[in-house]
$ cat query-v4.pdb   # PDB, C-alpha atoms and all ligand atoms
ATOM      1  CA  MET U   1     -39.194 -51.097  80.255
ATOM      2  CA  ALA U   2     -41.934 -48.496  79.757
ATOM      3  CA  ASN U   3     -42.274 -46.873  76.377
ATOM      4  CA  LEU U   4     -41.144 -43.273  76.531
ATOM      5  CA  GLY U   5     -41.368 -40.862  73.651
ATOM      6  CA  ILE U   6     -41.228 -37.224  72.691
ATOM      7  CA  ALA U   7     -41.639 -35.320  69.434
ATOM      8  CA  VAL U   8     -41.172 -31.603  68.789
ATOM      9  CA  HIS U   9     -41.840 -29.361  65.809
ATOM     10  CA  GLY U  10     -40.586 -25.972  64.706
ATOM     11  CA  GLY U  11     -43.260 -25.255  62.099
ATOM     12  CA  ALA U  12     -44.647 -26.890  58.994
ATOM     13  CA  GLY U  13     -43.119 -24.496  56.526
ATOM     14  CA  THR U  14     -39.461 -24.727  55.679
ATOM     15  CA  LEU U  15     -37.081 -23.079  53.325
ATOM     16  CA  SER U  16     -37.448 -24.817  49.977
ATOM     17  CA  ALA U  17     -34.787 -27.456  49.495
ATOM     18  CA  THR U  18     -33.036 -25.283  46.899
ATOM     19  CA  GLU U  19     -32.761 -22.293  49.286
ATOM     20  CA  MET U  20     -31.572 -24.245  52.310
ATOM     21  CA  THR U  21     -27.835 -24.184  52.904
ATOM     22  CA  ILE U  22     -26.143 -27.036  54.691
ATOM     23  CA  GLN U  23     -25.274 -24.682  57.519
ATOM     24  CA  THR U  24     -28.824 -23.338  57.944
ATOM     25  CA  GLU U  25     -30.268 -26.817  57.939
ATOM     26  CA  GLY U  26     -27.644 -27.814  60.491
ATOM     27  CA  ASN U  27     -28.656 -24.918  62.753
ATOM     28  CA  TYR U  28     -32.295 -25.971  62.633
ATOM     29  CA  ARG U  29     -31.473 -29.582  63.311
ATOM     30  CA  LYS U  30     -29.271 -28.599  66.254
ATOM     31  CA  ALA U  31     -32.058 -26.470  67.791
ATOM     32  CA  LEU U  32     -34.567 -29.298  67.340
ATOM     33  CA  GLU U  33     -32.120 -31.751  68.884
ATOM     34  CA  ILE U  34     -31.587 -29.519  71.927
ATOM     35  CA  ALA U  35     -35.349 -29.181  72.467
ATOM     36  CA  THR U  36     -35.978 -32.914  72.008
ATOM     37  CA  LEU U  37     -33.236 -33.773  74.481
ATOM     38  CA  ALA U  38     -34.429 -31.192  77.009
ATOM     39  CA  GLY U  39     -37.759 -33.012  77.087
ATOM     40  CA  TYR U  40     -36.446 -36.557  76.778
ATOM     41  CA  SER U  41     -33.980 -36.234  79.639
ATOM     42  CA  ILE U  42     -36.923 -35.382  81.916
ATOM     43  CA  LEU U  43     -38.832 -38.467  80.736
ATOM     44  CA  GLU U  44     -35.766 -40.650  81.136
ATOM     45  CA  ASN U  45     -35.349 -39.554  84.736
ATOM     46  CA  GLY U  46     -38.913 -40.555  85.542
ATOM     47  CA  GLY U  47     -40.323 -37.046  85.071
ATOM     48  CA  ASN U  48     -43.794 -36.421  83.732
ATOM     49  CA  ALA U  49     -44.921 -35.658  80.198
ATOM     50  CA  LEU U  50     -46.109 -32.146  81.096
ATOM     51  CA  ASP U  51     -42.702 -31.132  82.434
ATOM     52  CA  ALA U  52     -41.052 -32.660  79.371
ATOM     53  CA  ILE U  53     -43.138 -30.804  76.793
ATOM     54  CA  GLU U  54     -42.936 -27.518  78.672
ATOM     55  CA  ALA U  55     -39.140 -27.785  78.824
ATOM     56  CA  ALA U  56     -38.936 -28.637  75.116
ATOM     57  CA  VAL U  57     -41.215 -25.764  74.083
ATOM     58  CA  ILE U  58     -39.319 -23.280  76.278
ATOM     59  CA  GLU U  59     -36.119 -24.189  74.404
ATOM     60  CA  LEU U  60     -37.870 -23.489  71.093
ATOM     61  CA  GLU U  61     -39.516 -20.270  72.362
ATOM     62  CA  ASN U  62     -36.093 -19.005  73.449
ATOM     63  CA  GLU U  63     -34.571 -19.764  70.035
ATOM     64  CA  PRO U  64     -35.130 -16.790  67.644
ATOM     65  CA  MET U  65     -35.141 -19.024  64.556
ATOM     66  CA  PHE U  66     -38.682 -20.082  65.383
ATOM     67  CA  ASN U  67     -41.946 -18.126  65.371
ATOM     68  CA  ALA U  68     -42.730 -18.383  69.086
ATOM     69  CA  GLY U  69     -41.540 -16.337  72.056
ATOM     70  CA  ARG U  70     -38.284 -14.663  70.986
ATOM     71  CA  GLY U  71     -38.452 -14.342  67.191
ATOM     72  CA  ALA U  72     -42.275 -14.187  67.001
ATOM     73  CA  VAL U  73     -43.708 -12.561  63.859
ATOM     74  CA  PHE U  74     -44.972  -8.951  63.725
ATOM     75  CA  THR U  75     -48.662  -8.058  63.703
ATOM     76  CA  ASN U  76     -50.075  -5.333  61.420
ATOM     77  CA  ALA U  77     -49.460  -2.854  64.265
ATOM     78  CA  GLY U  78     -45.787  -3.862  64.413
ATOM     79  CA  ILE U  79     -45.956  -5.724  67.712
ATOM     80  CA  HIS U  80     -45.804  -9.358  68.825
ATOM     81  CA  GLU U  81     -48.969 -11.096  70.001
ATOM     82  CA  MET U  82     -48.448 -14.678  71.054
ATOM     83  CA  ASP U  83     -50.717 -17.701  71.507
ATOM     84  CA  ALA U  84     -49.959 -20.881  73.475
ATOM     85  CA  CYS U  85     -51.696 -23.958  74.825
ATOM     86  CA  ILE U  86     -50.913 -26.988  76.985
ATOM     87  CA  MET U  87     -53.006 -30.079  77.717
ATOM     88  CA  GLU U  88     -52.701 -33.081  80.011
ATOM     89  CA  GLY U  89     -54.016 -36.397  78.666
ATOM     90  CA  LYS U  90     -54.668 -38.047  82.014
ATOM     91  CA  THR U  91     -57.103 -35.473  83.366
ATOM     92  CA  LEU U  92     -58.102 -33.604  80.169
ATOM     93  CA  ARG U  93     -57.058 -30.437  81.974
ATOM     94  CA  ALA U  94     -55.936 -27.670  79.639
ATOM     95  CA  GLY U  95     -54.691 -24.089  79.724
ATOM     96  CA  ALA U  96     -54.397 -21.577  76.901
ATOM     97  CA  VAL U  97     -53.521 -17.940  76.271
ATOM     98  CA  ALA U  98     -54.032 -15.781  73.198
ATOM     99  CA  GLY U  99     -52.746 -12.403  72.081
ATOM    100  CA  VAL U 100     -50.266 -12.006  74.942
ATOM    101  CA  LYS U 101     -47.444  -9.475  74.711
ATOM    102  CA  ASN U 102     -44.016  -9.374  76.334
ATOM    103  CA  VAL U 103     -44.402 -12.643  78.256
ATOM    104  CA  ARG U 104     -41.094 -14.453  77.817
ATOM    105  CA  ASN U 105     -42.502 -17.978  77.763
ATOM    106  CA  PRO U 106     -46.186 -18.126  76.814
ATOM    107  CA  VAL U 107     -46.216 -21.923  77.245
ATOM    108  CA  SER U 108     -45.474 -21.520  80.963
ATOM    109  CA  LEU U 109     -48.273 -18.986  81.253
ATOM    110  CA  ALA U 110     -50.637 -21.507  79.601
ATOM    111  CA  ARG U 111     -49.520 -24.129  82.099
ATOM    112  CA  ASN U 112     -50.225 -21.757  84.956
ATOM    113  CA  VAL U 113     -53.693 -21.054  83.579
ATOM    114  CA  MET U 114     -54.267 -24.813  83.707
ATOM    115  CA  GLU U 115     -52.813 -25.397  87.148
ATOM    116  CA  ASN U 116     -53.295 -22.172  89.048
ATOM    117  CA  SER U 117     -56.527 -20.593  87.824
ATOM    118  CA  ASN U 118     -60.189 -21.522  87.672
ATOM    119  CA  PHE U 119     -60.165 -20.960  83.928
ATOM    120  CA  VAL U 120     -59.017 -22.619  80.731
ATOM    121  CA  PHE U 121     -58.461 -19.829  78.219
ATOM    122  CA  LEU U 122     -57.263 -16.267  78.921
ATOM    123  CA  CYS U 123     -56.479 -13.543  76.418
ATOM    124  CA  ASP U 124     -54.755 -10.213  75.946
ATOM    125  CA  ARG U 125     -54.451  -7.867  78.942
ATOM    126  CA  GLY U 126     -56.155 -10.214  81.368
ATOM    127  CA  ALA U 127     -53.701 -12.993  80.568
ATOM    128  CA  GLU U 128     -50.798 -10.559  81.032
ATOM    129  CA  GLU U 129     -52.221  -9.392  84.346
ATOM    130  CA  PHE U 130     -52.390 -13.030  85.473
ATOM    131  CA  ALA U 131     -48.763 -13.565  84.382
ATOM    132  CA  MET U 132     -47.709 -10.488  86.369
ATOM    133  CA  LYS U 133     -49.552 -11.690  89.432
ATOM    134  CA  LEU U 134     -47.687 -15.003  89.185
ATOM    135  CA  GLY U 135     -44.363 -13.205  88.771
ATOM    136  CA  LEU U 136     -43.613 -14.816  85.397
ATOM    137  CA  PRO U 137     -40.778 -13.188  83.447
ATOM    138  CA  PHE U 138     -41.611 -10.375  81.010
ATOM    139  CA  GLU U 139     -39.280  -8.984  78.355
ATOM    140  CA  PRO U 140     -39.175  -5.647  76.534
ATOM    141  CA  ASP U 141     -40.240  -5.450  72.857
ATOM    142  CA  GLU U 142     -36.588  -5.536  71.741
ATOM    143  CA  TYR U 143     -36.209  -9.044  73.129
ATOM    144  CA  PHE U 144     -38.758 -10.384  70.628
ATOM    145  CA  TYR U 145     -37.388  -8.348  67.718
ATOM    146  CA  THR U 146     -35.573 -10.064  64.851
ATOM    147  CA  GLN U 147     -34.607  -8.334  61.625
ATOM    148  CA  HIS U 148     -35.975 -11.074  59.363
ATOM    149  CA  ARG U 149     -39.390 -10.935  61.013
ATOM    150  CA  ARG U 150     -39.429  -7.160  60.646
ATOM    151  CA  ASP U 151     -38.522  -7.465  56.952
ATOM    152  CA  GLN U 152     -41.362  -9.951  56.450
ATOM    153  CA  TRP U 153     -43.779  -7.520  58.063
ATOM    154  CA  LEU U 154     -42.499  -4.442  56.189
ATOM    155  CA  ALA U 155     -43.095  -6.266  52.908
ATOM    156  CA  VAL U 156     -46.838  -6.583  53.581
ATOM    157  CA  LYS U 157     -47.782  -4.104  56.285
ATOM    158  CA  ASP U 158     -49.613  -1.704  53.957
ATOM    159  CA  THR U 159     -51.655  -4.485  52.414
ATOM    160  CA  ASP U 160     -54.401  -6.786  53.626
ATOM    161  CA  GLU U 161     -52.160  -9.747  53.068
ATOM    162  CA  VAL U 162     -51.670 -12.043  56.014
ATOM    163  CA  LEU U 163     -48.647 -14.269  55.748
ATOM    164  CA  LEU U 164     -48.104 -17.636  57.213
ATOM    165  CA  ASP U 165     -44.651 -17.421  58.672
ATOM    166  CA  HIS U 166     -43.487 -19.872  56.052
ATOM    167  CA  LYS U 167     -45.030 -18.179  53.014
ATOM    168  CA  ASP U 168     -41.899 -16.435  51.857
ATOM    169  CA  THR U 169     -38.254 -17.241  51.641
ATOM    170  CA  ARG U 170     -37.810 -16.998  55.400
ATOM    171  CA  LYS U 171     -39.902 -19.809  56.648
ATOM    172  CA  PHE U 172     -39.578 -20.241  60.365
ATOM    173  CA  GLY U 173     -42.266 -21.748  62.441
ATOM    174  CA  THR U 174     -44.594 -22.181  65.282
ATOM    175  CA  VAL U 175     -43.367 -24.683  67.845
ATOM    176  CA  GLY U 176     -44.844 -27.606  69.742
ATOM    177  CA  ALA U 177     -44.161 -30.809  71.649
ATOM    178  CA  VAL U 178     -45.961 -34.040  72.545
ATOM    179  CA  ALA U 179     -44.796 -36.739  74.972
ATOM    180  CA  LEU U 180     -45.542 -40.060  76.647
ATOM    181  CA  ASP U 181     -44.076 -40.588  80.111
ATOM    182  CA  PHE U 182     -43.163 -43.527  82.336
ATOM    183  CA  HIS U 183     -46.644 -43.625  83.849
ATOM    184  CA  GLY U 184     -48.337 -43.808  80.451
ATOM    185  CA  ASN U 185     -49.468 -40.196  80.563
ATOM    186  CA  LEU U 186     -49.659 -38.100  77.406
ATOM    187  CA  ALA U 187     -49.340 -34.315  77.068
ATOM    188  CA  ALA U 188     -49.226 -31.752  74.266
ATOM    189  CA  ALA U 189     -48.220 -28.083  73.950
ATOM    190  CA  THR U 190     -48.055 -25.532  71.133
ATOM    191  CA  SER U 191     -46.747 -21.944  71.053
ATOM    192  CA  THR U 192     -46.713 -19.350  68.266
ATOM    193  CA  GLY U 193     -46.522 -15.728  67.197
ATOM    194  CA  GLY U 194     -49.244 -16.578  64.654
ATOM    195  CA  MET U 195     -49.213 -15.030  61.196
ATOM    196  CA  THR U 196     -47.275 -11.981  59.967
ATOM    197  CA  ASN U 197     -49.461  -8.863  59.574
ATOM    198  CA  LYS U 198     -52.376 -10.401  61.494
ATOM    199  CA  ARG U 199     -54.841  -7.851  62.888
ATOM    200  CA  TYR U 200     -58.176  -7.365  64.643
ATOM    201  CA  GLY U 201     -57.026  -9.639  67.469
ATOM    202  CA  ARG U 202     -56.729 -12.624  65.145
ATOM    203  CA  ILE U 203     -56.196 -15.898  67.017
ATOM    204  CA  GLY U 204     -54.913 -19.034  65.283
ATOM    205  CA  ASP U 205     -55.466 -22.718  65.920
ATOM    206  CA  CYS U 206     -52.577 -23.246  68.363
ATOM    207  CA  PRO U 207     -54.324 -22.141  71.565
ATOM    208  CA  ILE U 208     -57.701 -23.600  70.591
ATOM    209  CA  ILE U 209     -58.059 -26.874  72.424
ATOM    210  CA  GLY U 210     -58.969 -29.613  69.968
ATOM    211  CA  SER U 211     -57.864 -27.642  66.908
ATOM    212  CA  GLY U 212     -54.119 -27.024  67.240
ATOM    213  CA  THR U 213     -53.490 -28.850  70.497
ATOM    214  CA  TYR U 214     -55.055 -31.866  72.209
ATOM    215  CA  ALA U 215     -54.128 -34.699  74.595
ATOM    216  CA  ASN U 216     -56.147 -37.626  75.872
ATOM    217  CA  ASN U 217     -54.588 -40.684  77.527
ATOM    218  CA  SER U 218     -57.076 -43.000  75.839
ATOM    219  CA  THR U 219     -55.970 -41.901  72.365
ATOM    220  CA  CYS U 220     -53.083 -39.538  71.640
ATOM    221  CA  ALA U 221     -51.366 -36.180  72.113
ATOM    222  CA  ILE U 222     -51.151 -33.766  69.180
ATOM    223  CA  SER U 223     -49.579 -30.401  68.329
ATOM    224  CA  CYS U 224     -50.336 -28.806  64.943
ATOM    225  CA  THR U 225     -48.688 -26.228  62.713
ATOM    226  CA  GLY U 226     -49.880 -24.632  59.507
ATOM    227  CA  HIS U 227     -52.540 -22.251  58.238
ATOM    228  CA  GLY U 228     -54.528 -21.940  61.458
ATOM    229  CA  GLU U 229     -57.889 -20.993  59.964
ATOM    230  CA  TYR U 230     -58.120 -24.408  58.258
ATOM    231  CA  PHE U 231     -57.011 -26.285  61.353
ATOM    232  CA  ILE U 232     -59.715 -24.518  63.355
ATOM    233  CA  ARG U 233     -62.398 -25.400  60.814
ATOM    234  CA  ALA U 234     -61.323 -29.045  60.628
ATOM    235  CA  VAL U 235     -60.900 -29.288  64.431
ATOM    236  CA  VAL U 236     -57.852 -31.307  63.494
ATOM    237  CA  ALA U 237     -56.378 -32.523  66.783
ATOM    238  CA  HIS U 238     -59.668 -33.597  68.350
ATOM    239  CA  ASP U 239     -60.851 -35.185  65.116
ATOM    240  CA  ILE U 240     -57.790 -37.459  65.105
ATOM    241  CA  SER U 241     -58.513 -38.421  68.705
ATOM    242  CA  CYS U 242     -62.171 -39.135  67.815
ATOM    243  CA  LEU U 243     -61.233 -41.319  64.844
ATOM    244  CA  MET U 244     -59.133 -43.403  67.224
ATOM    245  CA  GLU U 245     -61.641 -43.454  70.075
ATOM    246  CA  TYR U 246     -64.880 -44.014  68.178
ATOM    247  CA  LYS U 247     -63.743 -45.784  65.039
ATOM    248  CA  GLY U 248     -60.781 -47.721  66.402
ATOM    249  CA  LEU U 249     -58.341 -46.308  63.864
ATOM    250  CA  SER U 250     -54.623 -46.366  64.554
ATOM    251  CA  LEU U 251     -52.774 -43.100  65.123
ATOM    252  CA  LYS U 252     -51.208 -43.430  61.694
ATOM    253  CA  GLU U 253     -54.530 -43.984  59.914
ATOM    254  CA  ALA U 254     -56.232 -41.103  61.733
ATOM    255  CA  CYS U 255     -53.357 -38.688  61.010
ATOM    256  CA  GLN U 256     -53.361 -39.671  57.344
ATOM    257  CA  ILE U 257     -57.060 -38.867  57.002
ATOM    258  CA  LEU U 258     -56.735 -35.413  58.551
ATOM    259  CA  VAL U 259     -53.487 -34.236  57.001
ATOM    260  CA  HIS U 260     -53.629 -35.864  53.581
ATOM    261  CA  ASP U 261     -57.359 -35.853  52.938
ATOM    262  CA  LYS U 262     -59.567 -33.544  55.035
ATOM    263  CA  LEU U 263     -57.131 -30.612  55.233
ATOM    264  CA  ILE U 264     -56.165 -30.908  51.587
ATOM    265  CA  LYS U 265     -59.822 -30.842  50.515
ATOM    266  CA  LEU U 266     -60.289 -27.626  52.522
ATOM    267  CA  GLY U 267     -57.066 -26.135  51.123
ATOM    268  CA  GLY U 268     -55.243 -26.231  54.465
ATOM    269  CA  GLU U 269     -51.477 -26.458  54.382
ATOM    270  CA  GLY U 270     -49.536 -27.763  57.370
ATOM    271  CA  GLY U 271     -48.707 -30.729  59.528
ATOM    272  CA  LEU U 272     -48.613 -32.072  63.051
ATOM    273  CA  ILE U 273     -46.738 -34.207  65.540
ATOM    274  CA  ALA U 274     -48.566 -36.960  67.405
ATOM    275  CA  ILE U 275     -47.868 -39.744  69.902
ATOM    276  CA  ASP U 276     -50.158 -42.474  71.237
ATOM    277  CA  GLY U 277     -50.216 -44.413  74.497
ATOM    278  CA  ASN U 278     -47.934 -47.125  73.065
ATOM    279  CA  GLY U 279     -45.289 -44.604  72.106
ATOM    280  CA  ASN U 280     -46.034 -44.661  68.370
ATOM    281  CA  ILE U 281     -45.024 -41.338  66.845
ATOM    282  CA  GLU U 282     -46.473 -39.820  63.660
ATOM    283  CA  LEU U 283     -45.150 -36.661  61.977
ATOM    284  CA  PRO U 284     -47.303 -36.083  58.871
ATOM    285  CA  PHE U 285     -47.318 -32.865  56.822
ATOM    286  CA  ASN U 286     -48.720 -31.780  53.462
ATOM    287  CA  SER U 287     -46.358 -28.781  53.133
ATOM    288  CA  GLU U 288     -42.915 -28.980  51.573
ATOM    289  CA  GLY U 289     -41.356 -29.689  54.933
ATOM    290  CA  MET U 290     -41.806 -29.571  58.687
ATOM    291  CA  TYR U 291     -39.021 -28.977  61.185
ATOM    292  CA  ARG U 292     -39.208 -31.899  63.578
ATOM    293  CA  GLY U 293     -37.270 -33.888  66.152
ATOM    294  CA  TRP U 294     -38.198 -37.055  68.006
ATOM    295  CA  LYS U 295     -36.880 -39.735  70.323
ATOM    296  CA  LYS U 296     -38.321 -42.990  71.582
ATOM    297  CA  SER U 297     -36.871 -45.189  74.309
ATOM    298  CA  GLY U 298     -34.300 -47.568  72.854
ATOM    299  CA  GLU U 299     -33.948 -45.544  69.649
ATOM    300  CA  GLU U 300     -31.642 -42.783  68.508
ATOM    301  CA  LEU U 301     -32.820 -39.182  68.467
ATOM    302  CA  GLN U 302     -33.793 -38.107  64.950
ATOM    303  CA  THR U 303     -34.484 -34.790  63.283
ATOM    304  CA  GLY U 304     -36.109 -34.023  59.928
ATOM    305  CA  VAL U 305     -36.823 -31.034  57.706
ATOM    306  CA  TYR U 306     -38.239 -32.384  54.414
TER
HETATM  307  N1  LIG Y   1     -50.808 -22.348  63.076
HETATM  308  C1  LIG Y   1     -50.232 -21.060  63.293
HETATM  309  C2  LIG Y   1     -51.331 -20.010  63.185
HETATM  310  O1  LIG Y   1     -52.143 -20.084  62.274
HETATM  311  C3  LIG Y   1     -49.137 -20.701  62.329
HETATM  312  C4  LIG Y   1     -48.061 -21.742  62.127
HETATM  313  O2  LIG Y   1     -48.229 -22.912  62.471
HETATM  314  O3  LIG Y   1     -46.982 -21.399  61.627
HETATM  315  O4  LIG Y   1     -51.327 -19.088  63.973
END
$ encode --input "query-v4.pdb" --output "structure tokens"
Amino acid sequence: MANLGIAVHGGAGTLSATEMTIQTEGNYRKALEIATLAGYSILENGGNALDAIEAAVIELENEPMFNAGRGAVFTNAGIHEMDACIMEGKTLRAGAVAGVKNVRNPVSLARNVMENSNFVFLCDRGAEEFAMKLGLPFEPDEYFYTQHRRDQWLAVKDTDEVLLDHKDTRKFGTVGAVALDFHGNLAAATSTGGMTNKRYGRIGDCPIIGSGTYANNSTCAISCTGHGEYFIRAVVAHDISCLMEYKGLSLKEACQILVHDKLIKLGGEGGLIAIDGNGNIELPFNSEGMYRGWKKSGEELQTGVY
């Protein structure tokens, strides 16, 4: 039987263990389970890795607990600007969008950039115009609104402070998924509202191919979460792939180097989910926790927070 596998994340920052109630943790785990299963059931029925990760990320974008799609953080101007990326390991095709507003599922827009445009990376108005042309669903501002995100923003909006979504007591995160399908194909996707109070068109690591998201059938598929500026500078996802491709490191060894050595030396907090062509899954993080769910063929679905 072919190795199948999927992993999802809901952000590298979590409520500290002392603040987390049993019920809140249960809600997170349930949401992660639903997303993992949405993707895994596609893989199990012979579907491809791209469909699986898109389905998983859509579940997480639609869940207001996470900082992506509905529930995205507020910018300094009090709006929601979202970034997303998707990549296919077999062909190295990729699609990304940055700073998009009102698009219900930015991950699907990224996929359309990959499959239905001549481009790789679209931003802002142009990306929205493309989404409109495709007839993708848009939502009014109220759809994205959540009181806790607004409170986070109000606390810092008159300052220069830029908050990672998990830098206060309400630590909800960016989302992502990676998968290996029946045909041995890998894929990765990441979606986020970025950082609270961001301005000047700030773009994080998530939509930057090779930094927050990467997939290559000869190595691995990766989706990152954390303080994006550091992940951009360390080119985290592609660096892991290079360590495997050029130095022959295992997925585990390569992930360890990036998350527990390189990023720490730079001061970068966060984590990632990764899967290789044999179905090995790694979920390293250097933050207090990372919301995560995963399932491999022949094994039970698991979720984790700390
Ligand atoms: N990496 C995201 C960004 O910097 C934030 C996060 O993962 O929570 O935009």
$ resolve_selection --input "query-v4.pdb" --expression "the PyMOL selection byres (((chain U and resi 142) around 12) and not hetatm)" --output "PyMOL selection string"
chain U and resi 69-72+78-80+101-102+104+138-141+143-147+150
$ residues_near_ligand --input "query-v4.pdb" --ligand "ligand LIG 1 (chain Y)" --cutoff "6 Å" --atoms "only C-alpha atoms and all ligand atoms" --output "list of chain:residue names"
U:Gly11, U:Leu164, U:Asp165, U:Gly173, U:Thr174, U:Gly194, U:Met195, U:Gly204, U:Asp205, U:Cys206, U:Thr225, U:Gly226, U:His227, U:Gly228
$ residues_near_point --input "query-v4.pdb" --point "(-54.7, -26.9, 87.3)" --cutoff "10 Å" --atoms "only C-alpha atoms" --output "list in words"
Glu88, Thr91, Arg93, Ala94, Gly95, Arg111, Asn112, Val113, Met114, Glu115, Asn116, Ser117, Asn118, Phe119 and Val120 of chain U
$ closest_residue --input "query-v4.pdb" --among "U:Ile86, U:Ala274, U:Val236, U:Leu109" --to "U:Gly293" --atoms "all atoms listed in the file"
U:Ala274
$ residues_near_point --input "query-v4.pdb" --point "(-59.0, -40.5, 69.7)" --cutoff "10 Å" --atoms "only C-alpha atoms" --output "PyMOL selection string"
chain U and resi 214-221+237-251+254+276
$ closest_residue --input "query-v4.pdb" --among "U:Thr196, U:Ala155, U:Thr213, U:Met65" --to "U:Glu25" --atoms "only C-alpha atoms"
U:Met65
$ closest_residue --input "query-v4.pdb" --among "U:Gly193, U:Gly210, U:Gly176, U:Gly298" --to "U:Leu283" --atoms "all atoms listed in the file"
U:Gly176
$ atom_distance --input "query-v4.pdb" --atom1 "atom CA of U:Val103" --atom2 "atom CA of U:Arg125"
11.1 Å
$ residues_around --input "query-v4.pdb" --residues "stretch 178-183 of chain U" --least-positions-apart "6" --cutoff "10 Å" --atoms "only C-alpha atoms" --output "number ranges by chain"
U: 1-9, 39-40, 42-54, 56-57, 86-87, 89-90, 189-190, 213-215, 217, 220-223, 273-281, 294-296
$ atom_distance --input "query-v4.pdb" --atom1 "atom CA of U:Ala188" --atom2 "atom CA of U:Glu282"
13.6 Å
$ residues_around --input "query-v4.pdb" --residues "U:Asn286" --least-positions-apart "6" --cutoff "10 Å" --atoms "all atoms listed in the file" --output "ChimeraX atom specification"
/U:12-13,226,256,259-261,263-264,268-272
$ atom_distance --input "query-v4.pdb" --atom1 "atom CA of U:Val235" --atom2 "atom CA of U:Lys262"
10.4 Å
$ residues_around --input "query-v4.pdb" --residues "U:Ala77" --least-positions-apart "6" --cutoff "12 Å" --atoms "all atoms listed in the file" --output "mmCIF file with C-alpha atoms, in the coordinates of the input"
data_model
loop_
_atom_site.group_PDB
_atom_site.id
_atom_site.type_symbol
_atom_site.label_atom_id
_atom_site.label_comp_id
_atom_site.auth_asym_id
_atom_site.auth_seq_id
_atom_site.Cartn_x
_atom_site.Cartn_y
_atom_site.Cartn_z
ATOM 1 C CA ARG U 150 -39.429 -7.160 60.646
ATOM 2 C CA TRP U 153 -43.779 -7.520 58.063
ATOM 3 C CA LEU U 154 -42.499 -4.442 56.189
ATOM 4 C CA VAL U 156 -46.838 -6.583 53.581
ATOM 5 C CA LYS U 157 -47.782 -4.104 56.285
ATOM 6 C CA ASP U 158 -49.613 -1.704 53.957
ATOM 7 C CA THR U 196 -47.275 -11.981 59.967
ATOM 8 C CA ASN U 197 -49.461 -8.863 59.574
ATOM 9 C CA LYS U 198 -52.376 -10.401 61.494
ATOM 10 C CA ARG U 199 -54.841 -7.851 62.888
ATOM 11 C CA TYR U 200 -58.176 -7.365 64.643
ATOM 12 C CA GLY U 201 -57.026 -9.639 67.469
#
$ resolve_selection --input "query-v4.pdb" --expression "the PyMOL selection byres (((chain U and resi 126) around 12) and not hetatm)" --output "list in words"
Val97, Ala98, Gly99, Val100, Lys101, Leu109, Val113, Phe119, Phe121, Leu122, Cys123, Asp124, Arg125, Ala127, Glu128, Glu129, Phe130, Ala131, Met132 and Lys133 of chain U
$ closest_residue --input "query-v4.pdb" --among "U:Ser211, U:Thr18, U:Thr24, U:Asn67" --to "U:Thr192" --atoms "only C-alpha atoms"
U:Asn67
$ closest_residue --input "query-v4.pdb" --among "U:Ile208, U:Ile34, U:Val305, U:Cys255" --to "U:Ala96" --atoms "all atoms listed in the file"
U:Ile208
